[in-house]
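Step one of this worksheet: look at the structure below.
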Amino acid sequence: MTPKLKKTIILLSLLASAVAAQAGSPDGLNIAAIGSANAVQYASAVKQFFSDYAADGIACGDYALRLQNVYTSDLPPQLTGELALGAANDKARHRKLGNILAGFRSKALPRGFDGALAYEVKGAQLRLYGISGASDEQVVVATLPVSQASDQKKFNLAACKALASLPVLAEP
């Protein structure tokens with residue numbers, strides 16, 4: 001076998017195994033969107049982001065975003081903006097948030113949430129946090145100047161960056 005043919009076979013084998021690994025994965029992220037009291041005016045932009053994603057998908061640079069379900073209302077009462085934003089900087093709150101996210105069940109969501117999109121206004125910036133239900137995962141923060149937050153394309157890009165690297169969690 002020639003070295004070139006050997007390399008081609010190895011490359012094709014690696015590609016085939018990558019496709020096989022993806023084949024059994026869930027359809028996408030199940031996300032709870034939670035805003036702070038000072039960011040209520042951006043709730044419609046969050047809903048529009050998810051609507052735009054459902055209609056056309058959203059590209060955010062090198063990241064591929066895959067969403068399955070998004071909840072912006074009818075969330076468990078203990079899933080508050082205060083807890084979600086606290087989870088961005090505190091490991092104990094991150095664990096508590098993860099337990100609530102993973103423990104939620106509904107007909108449309110039989111395996112719970114994979115993570116949360118939390119958002120707040122801090123100074124002159126809108127901060128969007130992608131928080132995994134797995135407490136050992138890093139919180140992803142995307143910021144957008146408040147002056148640009150009404151631009152839906154810029155908002156969508158920031159939200160996409162906050163969520164795109166979150167893992168789809170396996171069933172507990």
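Ordering of the structure tokens sets the chain letters (A, B, ...); residue numbers start at 1 within each chain; ligands are numbered from 1 in the order shown.
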Residues at most 8 Å from Gly103 in chain A, counting only C-alpha atoms, excluding those fewer than 5 positions away in the same chain, as a list in words?
Arg111, Gly112 and Phe113 of chain A
Per DSSP on the backbone, filter chain A down to the residues in strand (DSSP E or B) and report them as an MDAnalysis selection string.
chainID A and resid 29:35 59:60 63:64 67:71 115:122 125:132 140:145
Generate the output file for the selected residues, N, CA and C atoms, as an mmCIF file, in the first residue's frame.
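As a result, again_0.cif now contains:
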```cif
data_model
loop_
_atom_site.group_PDB
_atom_site.id
_atom_site.type_symbol
_atom_site.label_atom_id
_atom_site.label_comp_id
_atom_site.auth_asym_id
_atom_site.auth_seq_id
_atom_site.Cartn_x
_atom_site.Cartn_y
_atom_site.Cartn_z
ATOM 1 N N LEU A 29 -29.667 21.748 21.918
ATOM 2 C CA LEU A 29 -29.751 22.247 23.289
ATOM 3 C C LEU A 29 -31.186 22.552 23.704
ATOM 4 N N ASN A 30 -31.480 22.270 24.937
ATOM 5 C CA ASN A 30 -32.715 22.706 25.577
ATOM 6 C C ASN A 30 -32.308 23.827 26.529
ATOM 7 N N ILE A 31 -32.803 25.028 26.280
ATOM 8 C CA ILE A 31 -32.346 26.230 26.975
ATOM 9 C C ILE A 31 -33.487 26.928 27.700
ATOM 10 N N ALA A 32 -33.188 27.399 28.909
ATOM 11 C CA ALA A 32 -34.088 28.277 29.661
ATOM 12 C C ALA A 32 -33.515 29.686 29.556
ATOM 13 N N ALA A 33 -34.303 30.646 29.115
ATOM 14 C CA ALA A 33 -33.849 32.038 29.004
ATOM 15 C C ALA A 33 -34.389 32.822 30.190
ATOM 16 N N ILE A 34 -33.457 33.442 30.936
ATOM 17 C CA ILE A 34 -33.814 34.102 32.191
ATOM 18 C C ILE A 34 -33.154 35.472 32.245
ATOM 19 N N GLY A 35 -33.949 36.508 32.384
ATOM 20 C CA GLY A 35 -33.402 37.857 32.459
ATOM 21 C C GLY A 35 -33.470 38.433 33.852
ATOM 22 N N ALA A 59 -25.796 31.825 12.233
ATOM 23 C CA ALA A 59 -24.364 31.521 12.218
ATOM 24 C C ALA A 59 -23.656 32.522 13.118
ATOM 25 N N CYS A 60 -22.719 32.016 13.897
ATOM 26 C CA CYS A 60 -21.961 32.924 14.765
ATOM 27 C C CYS A 60 -20.476 32.600 14.655
ATOM 28 N N TYR A 63 -18.595 29.025 15.351
ATOM 29 C CA TYR A 63 -19.445 28.181 16.178
ATOM 30 C C TYR A 63 -20.710 27.767 15.427
ATOM 31 N N ALA A 64 -21.147 26.575 15.689
ATOM 32 C CA ALA A 64 -22.409 26.083 15.138
ATOM 33 C C ALA A 64 -23.387 25.967 16.300
ATOM 34 N N LEU A 67 -30.128 24.316 18.549
ATOM 35 C CA LEU A 67 -31.142 24.431 19.593
ATOM 36 C C LEU A 67 -32.286 23.474 19.302
ATOM 37 N N GLN A 68 -32.838 22.896 20.349
ATOM 38 C CA GLN A 68 -34.014 22.048 20.184
ATOM 39 C C GLN A 68 -35.238 22.727 20.787
ATOM 40 N N ASN A 69 -35.161 23.101 22.059
ATOM 41 C CA ASN A 69 -36.270 23.759 22.752
ATOM 42 C C ASN A 69 -35.745 24.963 23.523
ATOM 43 N N VAL A 70 -36.551 26.004 23.539
ATOM 44 C CA VAL A 70 -36.205 27.206 24.299
ATOM 45 C C VAL A 70 -37.434 27.631 25.084
ATOM 46 N N TYR A 71 -37.224 27.824 26.372
ATOM 47 C CA TYR A 71 -38.299 28.280 27.239
ATOM 48 C C TYR A 71 -37.968 29.692 27.717
ATOM 49 N N GLY A 115 -28.956 23.950 29.648
ATOM 50 C CA GLY A 115 -28.327 25.168 30.136
ATOM 51 C C GLY A 115 -29.295 26.327 30.138
ATOM 52 N N ALA A 116 -28.729 27.492 30.421
ATOM 53 C CA ALA A 116 -29.539 28.708 30.495
ATOM 54 C C ALA A 116 -28.843 29.842 29.760
ATOM 55 N N LEU A 117 -29.654 30.727 29.207
ATOM 56 C CA LEU A 117 -29.176 32.006 28.697
ATOM 57 C C LEU A 117 -29.676 33.033 29.704
ATOM 58 N N ALA A 118 -28.754 33.573 30.495
ATOM 59 C CA ALA A 118 -29.106 34.609 31.464
ATOM 60 C C ALA A 118 -28.616 35.939 30.910
ATOM 61 N N TYR A 119 -29.356 36.999 31.187
ATOM 62 C CA TYR A 119 -28.944 38.297 30.653
ATOM 63 C C TYR A 119 -29.271 39.411 31.640
ATOM 64 N N GLU A 120 -28.398 40.425 31.606
ATOM 65 C CA GLU A 120 -28.542 41.569 32.497
ATOM 66 C C GLU A 120 -27.902 42.794 31.851
ATOM 67 N N VAL A 121 -28.278 43.959 32.364
ATOM 68 C CA VAL A 121 -27.624 45.195 31.982
ATOM 69 C C VAL A 121 -26.661 45.539 33.106
ATOM 70 N N LYS A 122 -25.415 45.753 32.743
ATOM 71 C CA LYS A 122 -24.390 46.119 33.722
ATOM 72 C C LYS A 122 -23.640 47.311 33.148
ATOM 73 N N GLN A 125 -23.537 48.092 29.253
ATOM 74 C CA GLN A 125 -23.469 46.882 28.453
ATOM 75 C C GLN A 125 -24.573 45.901 28.805
ATOM 76 N N LEU A 126 -25.044 45.227 27.775
ATOM 77 C CA LEU A 126 -25.930 44.090 27.950
ATOM 78 C C LEU A 126 -25.013 42.874 28.001
ATOM 79 N N ARG A 127 -25.113 42.109 29.078
ATOM 80 C CA ARG A 127 -24.270 40.916 29.244
ATOM 81 C C ARG A 127 -25.153 39.684 29.106
ATOM 82 N N LEU A 128 -24.728 38.776 28.239
ATOM 83 C CA LEU A 128 -25.436 37.522 28.007
ATOM 84 C C LEU A 128 -24.531 36.388 28.468
ATOM 85 N N TYR A 129 -25.070 35.519 29.313
ATOM 86 C CA TYR A 129 -24.294 34.420 29.884
ATOM 87 C C TYR A 129 -24.840 33.095 29.383
ATOM 88 N N GLY A 130 -23.993 32.287 28.803
ATOM 89 C CA GLY A 130 -24.337 30.916 28.451
ATOM 90 C C GLY A 130 -23.878 30.038 29.599
ATOM 91 N N ILE A 131 -24.823 29.474 30.346
ATOM 92 C CA ILE A 131 -24.501 28.708 31.555
ATOM 93 C C ILE A 131 -24.953 27.265 31.362
ATOM 94 N N SER A 132 -24.015 26.358 31.378
ATOM 95 C CA SER A 132 -24.320 24.937 31.224
ATOM 96 C C SER A 132 -24.948 24.388 32.495
ATOM 97 N N VAL A 140 -19.932 31.098 29.603
ATOM 98 C CA VAL A 140 -19.530 31.900 28.451
ATOM 99 C C VAL A 140 -20.260 33.231 28.534
ATOM 100 N N VAL A 141 -19.496 34.316 28.431
ATOM 101 C CA VAL A 141 -20.081 35.656 28.524
ATOM 102 C C VAL A 141 -19.893 36.381 27.195
ATOM 103 N N ALA A 142 -20.974 36.944 26.693
ATOM 104 C CA ALA A 142 -20.916 37.791 25.502
ATOM 105 C C ALA A 142 -21.480 39.148 25.905
ATOM 106 N N THR A 143 -20.834 40.205 25.474
ATOM 107 C CA THR A 143 -21.300 41.548 25.831
ATOM 108 C C THR A 143 -21.645 42.327 24.576
ATOM 109 N N LEU A 144 -22.536 43.260 24.762
ATOM 110 C CA LEU A 144 -22.995 44.115 23.685
ATOM 111 C C LEU A 144 -23.295 45.487 24.290
ATOM 112 N N PRO A 145 -22.746 46.554 23.710
ATOM 113 C CA PRO A 145 -23.106 47.875 24.229
ATOM 114 C C PRO A 145 -24.625 48.072 24.160
#
```
Gln148 in chain A: which residues within 12 Å, counting only C-alpha atoms, same-chain residues fewer than 6 positions away excluded, as a list in words?
Tyr42, Ala45, Ala124, Gln125, Leu126, Lys154, Phe155, Asn156, Leu157 and Ala158 of chain A
Keeping only C-alpha atoms, write those residues as a PDB file, in the first residue's frame.
```pdb
ATOM      1  CA  TYR A  42     -34.602  42.867  26.182  1.00  0.00           C
ATOM      2  CA  ALA A  45     -35.063  40.601  21.620  1.00  0.00           C
ATOM      3  CA  ALA A 124     -23.572  50.517  29.576  1.00  0.00           C
ATOM      4  CA  GLN A 125     -23.469  46.882  28.453  1.00  0.00           C
ATOM      5  CA  LEU A 126     -25.930  44.090  27.950  1.00  0.00           C
ATOM      6  CA  LYS A 154     -25.885  42.211  16.652  1.00  0.00           C
ATOM      7  CA  PHE A 155     -28.029  40.882  19.491  1.00  0.00           C
ATOM      8  CA  ASN A 156     -28.403  37.523  17.710  1.00  0.00           C
ATOM      9  CA  LEU A 157     -24.646  37.246  17.222  1.00  0.00           C
ATOM     10  CA  ALA A 158     -23.963  37.950  20.920  1.00  0.00           C
TER      11      ALA A 158
END
```
Provide the CA of Asp114 in chain A to CA of Leu169 in chain A distance in Å, to one decimal place.
5.6 Å
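Here CA of Arg95 in chain A and CA of Pro77 in chain A stand 17.0 Å from one another.
Distance check against Ser36 in chain A using only C-alpha atoms: of A:Gly81, A:Phe49, A:Ile58, A:Ser73, the minimum falls on A:Gly81.
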Write out as a ChimeraX atom specification all residues of range 51-112 of chain A that DSSP puts in alpha helix (DSSP H) for this structure's backbone.
/A:51-56,81-87,91-103
Report, in Å to a single decimal, how far apart CA of Lys153 in chain A and CA of Glu137 in chain A are.
27.2 Å
For Ser135 in chain A, work out the shell of residues within 12 Å, counting only C-alpha atoms and skipping chain neighbours fewer than 5 positions away, then give it as a PDB file with all heavy atoms, in the first residue's frame.
```pdb
ATOM      1  N   ALA A  87     -25.007  32.245  39.378  1.00  0.00           N
ATOM      2  CA  ALA A  87     -24.302  31.036  38.928  1.00  0.00           C
ATOM      3  C   ALA A  87     -23.145  31.366  37.987  1.00  0.00           C
ATOM      4  O   ALA A  87     -22.226  30.565  37.843  1.00  0.00           O
ATOM      5  CB  ALA A  87     -25.273  30.091  38.230  1.00  0.00           C
ATOM      6  N   ALA A  88     -23.180  32.538  37.400  1.00  0.00           N
ATOM      7  CA  ALA A  88     -22.101  32.935  36.490  1.00  0.00           C
ATOM      8  C   ALA A  88     -20.778  33.112  37.226  1.00  0.00           C
ATOM      9  O   ALA A  88     -19.715  32.960  36.629  1.00  0.00           O
ATOM     10  CB  ALA A  88     -22.476  34.225  35.761  1.00  0.00           C
ATOM     11  N   ASN A  89     -20.838  33.404  38.529  1.00  0.00           N
ATOM     12  CA  ASN A  89     -19.611  33.682  39.286  1.00  0.00           C
ATOM     13  C   ASN A  89     -19.437  32.850  40.551  1.00  0.00           C
ATOM     14  O   ASN A  89     -18.445  33.011  41.246  1.00  0.00           O
ATOM     15  CB  ASN A  89     -19.569  35.167  39.666  1.00  0.00           C
ATOM     16  CG  ASN A  89     -19.525  36.047  38.447  1.00  0.00           C
ATOM     17  OD1 ASN A  89     -18.680  35.880  37.585  1.00  0.00           O
ATOM     18  ND2 ASN A  89     -20.464  36.976  38.362  1.00  0.00           N
ATOM     19  N   ASP A  90     -20.400  31.989  40.874  1.00  0.00           N
ATOM     20  CA  ASP A  90     -20.340  31.245  42.127  1.00  0.00           C
ATOM     21  C   ASP A  90     -20.599  29.765  41.850  1.00  0.00           C
ATOM     22  O   ASP A  90     -21.664  29.409  41.339  1.00  0.00           O
ATOM     23  CB  ASP A  90     -21.395  31.816  43.086  1.00  0.00           C
ATOM     24  CG  ASP A  90     -21.409  31.125  44.417  1.00  0.00           C
ATOM     25  OD1 ASP A  90     -22.135  30.116  44.546  1.00  0.00           O
ATOM     26  OD2 ASP A  90     -20.710  31.590  45.334  1.00  0.00           O
ATOM     27  N   LYS A  91     -19.644  28.922  42.210  1.00  0.00           N
ATOM     28  CA  LYS A  91     -19.752  27.482  41.912  1.00  0.00           C
ATOM     29  C   LYS A  91     -20.932  26.821  42.626  1.00  0.00           C
ATOM     30  O   LYS A  91     -21.600  25.955  42.061  1.00  0.00           O
ATOM     31  CB  LYS A  91     -18.453  26.771  42.262  1.00  0.00           C
ATOM     32  CG  LYS A  91     -17.345  27.084  41.293  1.00  0.00           C
ATOM     33  CD  LYS A  91     -16.117  26.241  41.583  1.00  0.00           C
ATOM     34  CE  LYS A  91     -15.001  26.666  40.679  1.00  0.00           C
ATOM     35  NZ  LYS A  91     -14.623  25.646  39.726  1.00  0.00           N
ATOM     36  N   ALA A  92     -21.211  27.212  43.861  1.00  0.00           N
ATOM     37  CA  ALA A  92     -22.328  26.614  44.596  1.00  0.00           C
ATOM     38  C   ALA A  92     -23.658  26.947  43.908  1.00  0.00           C
ATOM     39  O   ALA A  92     -24.529  26.078  43.766  1.00  0.00           O
ATOM     40  CB  ALA A  92     -22.336  27.094  46.044  1.00  0.00           C
ATOM     41  N   ARG A  93     -23.803  28.179  43.477  1.00  0.00           N
ATOM     42  CA  ARG A  93     -25.029  28.559  42.757  1.00  0.00           C
ATOM     43  C   ARG A  93     -25.095  27.876  41.393  1.00  0.00           C
ATOM     44  O   ARG A  93     -26.171  27.535  40.923  1.00  0.00           O
ATOM     45  CB  ARG A  93     -25.109  30.074  42.600  1.00  0.00           C
ATOM     46  CG  ARG A  93     -25.456  30.773  43.881  1.00  0.00           C
ATOM     47  CD  ARG A  93     -25.658  32.226  43.637  1.00  0.00           C
ATOM     48  NE  ARG A  93     -25.945  32.924  44.867  1.00  0.00           N
ATOM     49  CZ  ARG A  93     -26.179  34.211  44.929  1.00  0.00           C
ATOM     50  NH1 ARG A  93     -26.152  34.947  43.837  1.00  0.00           N
ATOM     51  NH2 ARG A  93     -26.425  34.785  46.077  1.00  0.00           N
ATOM     52  N   HIS A  94     -23.933  27.696  40.766  1.00  0.00           N
ATOM     53  CA  HIS A  94     -23.903  27.008  39.474  1.00  0.00           C
ATOM     54  C   HIS A  94     -24.388  25.565  39.643  1.00  0.00           C
ATOM     55  O   HIS A  94     -25.179  25.068  38.843  1.00  0.00           O
ATOM     56  CB  HIS A  94     -22.483  27.042  38.893  1.00  0.00           C
ATOM     57  CG  HIS A  94     -22.421  26.683  37.442  1.00  0.00           C
ATOM     58  ND1 HIS A  94     -21.332  26.967  36.670  1.00  0.00           N
ATOM     59  CD2 HIS A  94     -23.282  26.052  36.615  1.00  0.00           C
ATOM     60  CE1 HIS A  94     -21.537  26.523  35.440  1.00  0.00           C
ATOM     61  NE2 HIS A  94     -22.711  25.963  35.387  1.00  0.00           N
ATOM     62  N   ARG A  95     -23.957  24.889  40.718  1.00  0.00           N
ATOM     63  CA  ARG A  95     -24.425  23.528  40.992  1.00  0.00           C
ATOM     64  C   ARG A  95     -25.937  23.514  41.248  1.00  0.00           C
ATOM     65  O   ARG A  95     -26.654  22.653  40.745  1.00  0.00           O
ATOM     66  CB  ARG A  95     -23.692  22.933  42.200  1.00  0.00           C
ATOM     67  CG  ARG A  95     -22.388  22.256  41.835  1.00  0.00           C
ATOM     68  CD  ARG A  95     -21.816  21.461  42.996  1.00  0.00           C
ATOM     69  NE  ARG A  95     -21.552  22.258  44.190  1.00  0.00           N
ATOM     70  CZ  ARG A  95     -20.475  23.013  44.369  1.00  0.00           C
ATOM     71  NH1 ARG A  95     -19.557  23.083  43.435  1.00  0.00           N
ATOM     72  NH2 ARG A  95     -20.323  23.697  45.481  1.00  0.00           N
ATOM     73  N   LYS A  96     -26.409  24.470  42.044  1.00  0.00           N
ATOM     74  CA  LYS A  96     -27.840  24.546  42.344  1.00  0.00           C
ATOM     75  C   LYS A  96     -28.642  24.786  41.063  1.00  0.00           C
ATOM     76  O   LYS A  96     -29.659  24.125  40.820  1.00  0.00           O
ATOM     77  CB  LYS A  96     -28.113  25.663  43.356  1.00  0.00           C
ATOM     78  CG  LYS A  96     -29.565  25.773  43.750  1.00  0.00           C
ATOM     79  CD  LYS A  96     -29.786  26.833  44.817  1.00  0.00           C
ATOM     80  CE  LYS A  96     -31.255  26.907  45.190  1.00  0.00           C
ATOM     81  NZ  LYS A  96     -31.518  27.895  46.222  1.00  0.00           N
ATOM     82  N   LEU A  97     -28.169  25.710  40.234  1.00  0.00           N
ATOM     83  CA  LEU A  97     -28.837  25.991  38.960  1.00  0.00           C
ATOM     84  C   LEU A  97     -28.843  24.735  38.092  1.00  0.00           C
ATOM     85  O   LEU A  97     -29.868  24.386  37.499  1.00  0.00           O
ATOM     86  CB  LEU A  97     -28.135  27.139  38.226  1.00  0.00           C
ATOM     87  CG  LEU A  97     -28.686  27.460  36.841  1.00  0.00           C
ATOM     88  CD1 LEU A  97     -30.090  28.045  36.936  1.00  0.00           C
ATOM     89  CD2 LEU A  97     -27.759  28.431  36.117  1.00  0.00           C
ATOM     90  N   GLY A  98     -27.702  24.043  38.031  1.00  0.00           N
ATOM     91  CA  GLY A  98     -27.612  22.826  37.232  1.00  0.00           C
ATOM     92  C   GLY A  98     -28.595  21.761  37.683  1.00  0.00           C
ATOM     93  O   GLY A  98     -29.217  21.082  36.853  1.00  0.00           O
ATOM     94  N   ASN A  99     -28.765  21.616  38.995  1.00  0.00           N
ATOM     95  CA  ASN A  99     -29.719  20.637  39.518  1.00  0.00           C
ATOM     96  C   ASN A  99     -31.150  20.990  39.128  1.00  0.00           C
ATOM     97  O   ASN A  99     -31.949  20.112  38.788  1.00  0.00           O
ATOM     98  CB  ASN A  99     -29.603  20.528  41.034  1.00  0.00           C
ATOM     99  CG  ASN A  99     -28.322  19.844  41.462  1.00  0.00           C
ATOM    100  OD1 ASN A  99     -27.731  19.078  40.712  1.00  0.00           O
ATOM    101  ND2 ASN A  99     -27.878  20.132  42.674  1.00  0.00           N
ATOM    102  N   ILE A 100     -31.478  22.263  39.175  1.00  0.00           N
ATOM    103  CA  ILE A 100     -32.828  22.707  38.798  1.00  0.00           C
ATOM    104  C   ILE A 100     -33.044  22.497  37.302  1.00  0.00           C
ATOM    105  O   ILE A 100     -34.082  21.985  36.876  1.00  0.00           O
ATOM    106  CB  ILE A 100     -33.057  24.184  39.190  1.00  0.00           C
ATOM    107  CG1 ILE A 100     -33.038  24.327  40.716  1.00  0.00           C
ATOM    108  CG2 ILE A 100     -34.369  24.695  38.608  1.00  0.00           C
ATOM    109  CD1 ILE A 100     -32.973  25.764  41.198  1.00  0.00           C
ATOM    110  N   LEU A 101     -32.044  22.874  36.502  1.00  0.00           N
ATOM    111  CA  LEU A 101     -32.160  22.715  35.047  1.00  0.00           C
ATOM    112  C   LEU A 101     -32.326  21.248  34.659  1.00  0.00           C
ATOM    113  O   LEU A 101     -33.202  20.894  33.872  1.00  0.00           O
ATOM    114  CB  LEU A 101     -30.924  23.294  34.343  1.00  0.00           C
ATOM    115  CG  LEU A 101     -30.753  24.807  34.400  1.00  0.00           C
ATOM    116  CD1 LEU A 101     -29.371  25.208  33.889  1.00  0.00           C
ATOM    117  CD2 LEU A 101     -31.849  25.516  33.619  1.00  0.00           C
ATOM    118  N   ALA A 102     -31.475  20.397  35.212  1.00  0.00           N
ATOM    119  CA  ALA A 102     -31.510  18.973  34.868  1.00  0.00           C
ATOM    120  C   ALA A 102     -32.749  18.284  35.425  1.00  0.00           C
ATOM    121  O   ALA A 102     -33.226  17.303  34.854  1.00  0.00           O
ATOM    122  CB  ALA A 102     -30.255  18.284  35.385  1.00  0.00           C
ATOM    123  N   ASP A 114     -30.441  21.729  29.192  1.00  0.00           N
ATOM    124  CA  ASP A 114     -28.985  21.594  29.079  1.00  0.00           C
ATOM    125  C   ASP A 114     -28.282  22.812  29.665  1.00  0.00           C
ATOM    126  O   ASP A 114     -27.138  22.719  30.099  1.00  0.00           O
ATOM    127  CB  ASP A 114     -28.572  21.457  27.616  1.00  0.00           C
ATOM    128  CG  ASP A 114     -29.120  20.199  26.995  1.00  0.00           C
ATOM    129  OD1 ASP A 114     -28.787  19.115  27.497  1.00  0.00           O
ATOM    130  OD2 ASP A 114     -29.884  20.295  26.014  1.00  0.00           O
ATOM    131  N   GLY A 115     -28.956  23.950  29.648  1.00  0.00           N
ATOM    132  CA  GLY A 115     -28.327  25.168  30.136  1.00  0.00           C
ATOM    133  C   GLY A 115     -29.295  26.327  30.138  1.00  0.00           C
ATOM    134  O   GLY A 115     -30.495  26.168  29.892  1.00  0.00           O
ATOM    135  N   ALA A 116     -28.729  27.492  30.421  1.00  0.00           N
ATOM    136  CA  ALA A 116     -29.539  28.708  30.495  1.00  0.00           C
ATOM    137  C   ALA A 116     -28.843  29.842  29.760  1.00  0.00           C
ATOM    138  O   ALA A 116     -27.611  29.904  29.706  1.00  0.00           O
ATOM    139  CB  ALA A 116     -29.766  29.106  31.954  1.00  0.00           C
ATOM    140  N   LEU A 166     -21.967  25.577  24.512  1.00  0.00           N
ATOM    141  CA  LEU A 166     -22.544  24.765  25.583  1.00  0.00           C
ATOM    142  C   LEU A 166     -22.762  23.339  25.104  1.00  0.00           C
ATOM    143  O   LEU A 166     -23.214  23.110  23.984  1.00  0.00           O
ATOM    144  CB  LEU A 166     -23.881  25.349  26.048  1.00  0.00           C
ATOM    145  CG  LEU A 166     -23.860  26.712  26.723  1.00  0.00           C
ATOM    146  CD1 LEU A 166     -25.268  27.110  27.155  1.00  0.00           C
ATOM    147  CD2 LEU A 166     -22.911  26.735  27.898  1.00  0.00           C
ATOM    148  N   PRO A 167     -22.478  22.358  25.946  1.00  0.00           N
ATOM    149  CA  PRO A 167     -22.689  20.977  25.532  1.00  0.00           C
ATOM    150  C   PRO A 167     -24.134  20.528  25.708  1.00  0.00           C
ATOM    151  O   PRO A 167     -24.841  21.011  26.602  1.00  0.00           O
ATOM    152  CB  PRO A 167     -21.775  20.197  26.489  1.00  0.00           C
ATOM    153  CG  PRO A 167     -21.766  21.020  27.734  1.00  0.00           C
ATOM    154  CD  PRO A 167     -21.828  22.459  27.262  1.00  0.00           C
ATOM    155  N   LEU A 169     -26.279  17.905  27.154  1.00  0.00           N
ATOM    156  CA  LEU A 169     -26.024  16.966  28.253  1.00  0.00           C
ATOM    157  C   LEU A 169     -26.744  15.639  28.011  1.00  0.00           C
ATOM    158  O   LEU A 169     -27.830  15.609  27.451  1.00  0.00           O
ATOM    159  CB  LEU A 169     -26.484  17.571  29.570  1.00  0.00           C
ATOM    160  CG  LEU A 169     -25.836  18.903  29.939  1.00  0.00           C
ATOM    161  CD1 LEU A 169     -26.393  19.422  31.258  1.00  0.00           C
ATOM    162  CD2 LEU A 169     -24.321  18.779  30.021  1.00  0.00           C
TER     163      LEU A 169
END
```
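Across A:Ala162, A:Phe104, A:Ala43, A:Ala37, the tightest approach to Gln138 in chain A is made by A:Ala162 when counting only C-alpha atoms.
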Which residue, A:Ser51, A:Gln152, A:Arg105, A:Val139, has the smallest gap to Pro76 in chain A when you use only C-alpha atoms?
A:Arg105
